[in-house]
Every structure is written in structure tokens, then in C-alpha cells.
Amino acid sequence: VKLADADRSVNNNPLTVNGTITRTPVASGADLVAYSGFSAANYLEQPHNSDLDFGTGDFCVMGWCHVASSGGGVMVGRYEAASTAPDWDVRMRSDGTMSLKIDSLDTVSGSVDRRTAEWVHIAVVRQSGTLYLYENGSMVDSVANSTDLTNPAALLGVGLRNISPPDLNWDGSLALLRISATAPTAEQIAKIYNDEKVLFQENAQATLY
């Protein structure tokens, strides 16, 4: 029997745990935990979810990532088993920069090597036909895009590119991942980053007892 990892949103669409995923505090003594230990056998998966069929509309993929030294891999991606378009993923490229790939092509990309062993907040947003990439609350790239992202056969993979066989596993840790069919403003993303970054400090409390 495979375990499920809860969806904390009102949609309540949990992720299936394949293999074993490691959960550890994001910093010494911190309440918030991160997920790591991703591989072709150890990852999170969600069957087709029509809420993620964004069409040509707005969406947002947001979360925190941590990589010490290697190439990173895929944070989260949505693929059909035979890798039939449309597909997308948020990944770290071999030079340590972040990117959103749609149909195997880079759309928006960062320019800073994020293999720093520090937590980084990443947000990919499409709003009114423009894609934006934010890193640590600041916009670093944008491009016009209206690709139809509806794919009734697509699965969601967290920690790897979820095609057959799964590959490009994330070689680091992930925390506070969320996906929505709405687009936060630049001001909202900056506030989210500033509000959440304190949770990644030593002994940071994040729960109500």
C-alpha cells in the first residue's frame, strides 16, 4: 500500500509517495520540514488532476529549494507517460541556474548559480500571457507565452520528471511547494518571500501548539 502526502489546500488532492522520502528540519531546531532523497524510485506523484489543466490561462508554481553542489534536476513537473506535449517542469540546469521548461524548451531562466547550500524561493508565474520567473522575491526574467498547458493524460511528479521511466531527480531538498491556477502579483510574491524566509532560520517556530 502506497502512502499519501496531504494536499494542504482546499482542493485536498494528495500526492502518492513512491518509495521513501526523507523529511528533515529546514534548519537546526526549526519546526518546518523539507523533503529530500529523491530518485527514480523515491518521489511524489499525483494522477491527472484537471485543476492543473491551465489551458492558456494564468498559473503559479512556487516553493523553496536547497542544493549544495550538484546539478539539481527537476523540482516539479507535469508529463504524460510517453512525454507527449504539452508538458512542463521547473528545474535546475547543469550550471545551477533555474528554468521553466515547456515542451522541452527553456522559457524563463535565471542567471545565478543556486548551488549554494542556501534556501532559495522560486516562483514561476504566468499572468495575462506573460511568464515571469522570481527568485527570492525579485523578478529575474519574463517572456510572452500562451502555450495551452491542458493535457488530460498528464501526471504530476515532485522531485523528478515523471515520465516512463522517471528521471532527472532533484538532488537536494524542497519545502512549501504549491501550485495554483491564479497569478499572484509581484508585490504578493515579495511579501510571501519575506514572510516565509524567517521559517528557514535555526529554531524557527512554525506551528501552533
# chains A, B, ... in the order shown; residues from 1 in each chain; ligands from 1
$ closest_atom_pairs --of "range 18-115 of chain A" --to "range 202-206 of chain A" --cutoff "9 Å" --atoms "only C-alpha atoms" --output "tab-separated table"
residue	atom	partner	partner_atom	distance
A:Val26	CA	A:Glu202	CA	8.3
A:Ala27	CA	A:Glu202	CA	5.1
A:Ser28	CA	A:Glu202	CA	5.0
A:Gly29	CA	A:Asn203	CA	4.1
A:Ala30	CA	A:Asn203	CA	4.3
A:Asp31	CA	A:Gln205	CA	5.3
A:Leu32	CA	A:Ala206	CA	6.1
$ residues_around --residues "range 75-90 of chain A" --least-positions-apart "2" --cutoff "6 Å" --atoms "only C-alpha atoms" --output "ChimeraX atom specification"
/A:99-103,149,153-159,161,163-164,170
$ write_last_selection --atoms "N, CA and C atoms" --output "PDB file, in the first residue's frame"
ATOM      1  N   SER A  99      15.114  27.282 -14.220  1.00  0.00           N
ATOM      2  CA  SER A  99      14.450  27.419 -15.509  1.00  0.00           C
ATOM      3  C   SER A  99      13.054  26.807 -15.448  1.00  0.00           C
ATOM      4  N   LEU A 100      12.139  27.356 -16.223  1.00  0.00           N
ATOM      5  CA  LEU A 100      10.872  26.697 -16.530  1.00  0.00           C
ATOM      6  C   LEU A 100      10.957  26.186 -17.957  1.00  0.00           C
ATOM      7  N   LYS A 101      10.828  24.873 -18.113  1.00  0.00           N
ATOM      8  CA  LYS A 101      10.781  24.288 -19.446  1.00  0.00           C
ATOM      9  C   LYS A 101       9.328  23.988 -19.805  1.00  0.00           C
ATOM     10  N   ILE A 102       8.931  24.348 -21.017  1.00  0.00           N
ATOM     11  CA  ILE A 102       7.638  23.960 -21.578  1.00  0.00           C
ATOM     12  C   ILE A 102       7.932  23.248 -22.886  1.00  0.00           C
ATOM     13  N   ASP A 103       7.427  22.021 -23.007  1.00  0.00           N
ATOM     14  CA  ASP A 103       7.678  21.204 -24.202  1.00  0.00           C
ATOM     15  C   ASP A 103       9.165  21.138 -24.528  1.00  0.00           C
ATOM     16  N   LEU A 149      -1.588  24.506 -21.822  1.00  0.00           N
ATOM     17  CA  LEU A 149      -0.996  23.501 -20.940  1.00  0.00           C
ATOM     18  C   LEU A 149      -1.997  22.429 -20.503  1.00  0.00           C
ATOM     19  N   ALA A 153      -3.848  13.531 -20.023  1.00  0.00           N
ATOM     20  CA  ALA A 153      -3.131  12.308 -19.641  1.00  0.00           C
ATOM     21  C   ALA A 153      -1.952  12.585 -18.726  1.00  0.00           C
ATOM     22  N   ALA A 154      -1.736  13.850 -18.371  1.00  0.00           N
ATOM     23  CA  ALA A 154      -0.510  14.213 -17.663  1.00  0.00           C
ATOM     24  C   ALA A 154      -0.569  13.855 -16.183  1.00  0.00           C
ATOM     25  N   LEU A 155       0.576  13.412 -15.658  1.00  0.00           N
ATOM     26  CA  LEU A 155       0.783  13.159 -14.239  1.00  0.00           C
ATOM     27  C   LEU A 155       1.685  14.260 -13.681  1.00  0.00           C
ATOM     28  N   LEU A 156       1.583  14.482 -12.378  1.00  0.00           N
ATOM     29  CA  LEU A 156       2.453  15.443 -11.715  1.00  0.00           C
ATOM     30  C   LEU A 156       3.506  14.683 -10.925  1.00  0.00           C
ATOM     31  N   GLY A 157       4.768  15.053 -11.101  1.00  0.00           N
ATOM     32  CA  GLY A 157       5.849  14.461 -10.328  1.00  0.00           C
ATOM     33  C   GLY A 157       6.560  15.520  -9.510  1.00  0.00           C
ATOM     34  N   VAL A 158       6.808  15.246  -8.247  1.00  0.00           N
ATOM     35  CA  VAL A 158       7.561  16.152  -7.383  1.00  0.00           C
ATOM     36  C   VAL A 158       8.885  15.483  -7.049  1.00  0.00           C
ATOM     37  N   GLY A 159       9.983  16.163  -7.359  1.00  0.00           N
ATOM     38  CA  GLY A 159      11.302  15.608  -7.119  1.00  0.00           C
ATOM     39  C   GLY A 159      11.907  14.906  -8.306  1.00  0.00           C
ATOM     40  N   ARG A 161      11.261  14.314 -13.026  1.00  0.00           N
ATOM     41  CA  ARG A 161      10.430  14.395 -14.219  1.00  0.00           C
ATOM     42  C   ARG A 161       9.675  13.077 -14.327  1.00  0.00           C
ATOM     43  N   ILE A 163       8.062  10.806 -16.177  1.00  0.00           N
ATOM     44  CA  ILE A 163       7.702  10.066 -17.371  1.00  0.00           C
ATOM     45  C   ILE A 163       8.196   8.640 -17.175  1.00  0.00           C
ATOM     46  N   SER A 164       7.981   7.797 -18.154  1.00  0.00           N
ATOM     47  CA  SER A 164       8.338   6.383 -18.008  1.00  0.00           C
ATOM     48  C   SER A 164       9.645   6.106 -18.751  1.00  0.00           C
ATOM     49  N   TRP A 170      15.536  15.417  -8.414  1.00  0.00           N
ATOM     50  CA  TRP A 170      16.034  16.605  -7.720  1.00  0.00           C
ATOM     51  C   TRP A 170      17.073  16.191  -6.699  1.00  0.00           C
TER      52      TRP A 170
END
$ closest_residue --among "A:Gly55, A:Gly110, A:Pro184, A:Pro47" --to "Asp148 in chain A" --atoms "only C-alpha atoms"
A:Gly55
$ select_by_dssp --residues "range 29-202 of chain A" --states "strand (DSSP E)" --output "PyMOL selection string"
chain A and resi 33-36+43-46+59-66+73-79+88-92+98-102+105-109+120-127+130-135+138-144+155-158+173-180
$ closest_residue --among "A:Ala34, A:Val143, A:Leu15, A:Ala175" --to "Met62 in chain A" --atoms "only C-alpha atoms"
A:Ala175
$ closest_residue --among "A:Gly57, A:Gly63, A:Gly172, A:Pro25" --to "Glu135 in chain A" --atoms "only C-alpha atoms"
A:Gly63
$ closest_residue --among "A:Ala183, A:Gln201, A:Cys65, A:Arg23" --to "Ser36 in chain A" --atoms "only C-alpha atoms"
A:Arg23
$ closest_residue --among "A:Tyr43, A:Ser50, A:Thr20, A:Ser173" --to "Ala68 in chain A" --atoms "only C-alpha atoms"
A:Ser173
$ select_by_dssp --residues "range 114-199 of chain A" --states "alpha helix (DSSP H)" --output "NGL selection string"
:A and (186-196)
$ write_last_selection --atoms "C-alpha atoms" --output "JSON list (two decimals), in the first residue's frame"
[["chain", "number", "residue", "atom", "x", "y", "z"],
["A", 186, "ALA", "CA", 4.94, 40.97, -7.83],
["A", 187, "GLU", "CA", 4.11, 42.65, -4.52],
["A", 188, "GLN", "CA", 2.43, 39.50, -3.22],
["A", 189, "ILE", "CA", 5.41, 37.31, -4.21],
["A", 190, "ALA", "CA", 7.83, 39.66, -2.44],
["A", 191, "LYS", "CA", 5.65, 39.55, 0.68],
["A", 192, "ILE", "CA", 5.43, 35.73, 0.58],
["A", 193, "TYR", "CA", 9.22, 35.51, 0.33],
["A", 194, "ASN", "CA", 9.80, 37.93, 3.20],
["A", 195, "ASP", "CA", 7.14, 36.32, 5.39],
["A", 196, "GLU", "CA", 8.43, 32.79, 4.84]]
$ atom_distance --atom1 "CA of Ala144 in chain A" --atom2 "CA of Thr130 in chain A"
4.3 Å
$ closest_residue --among "A:Asn13, A:Ser142, A:Thr182, A:Thr207" --to "Asp106 in chain A" --atoms "only C-alpha atoms"
A:Ser142
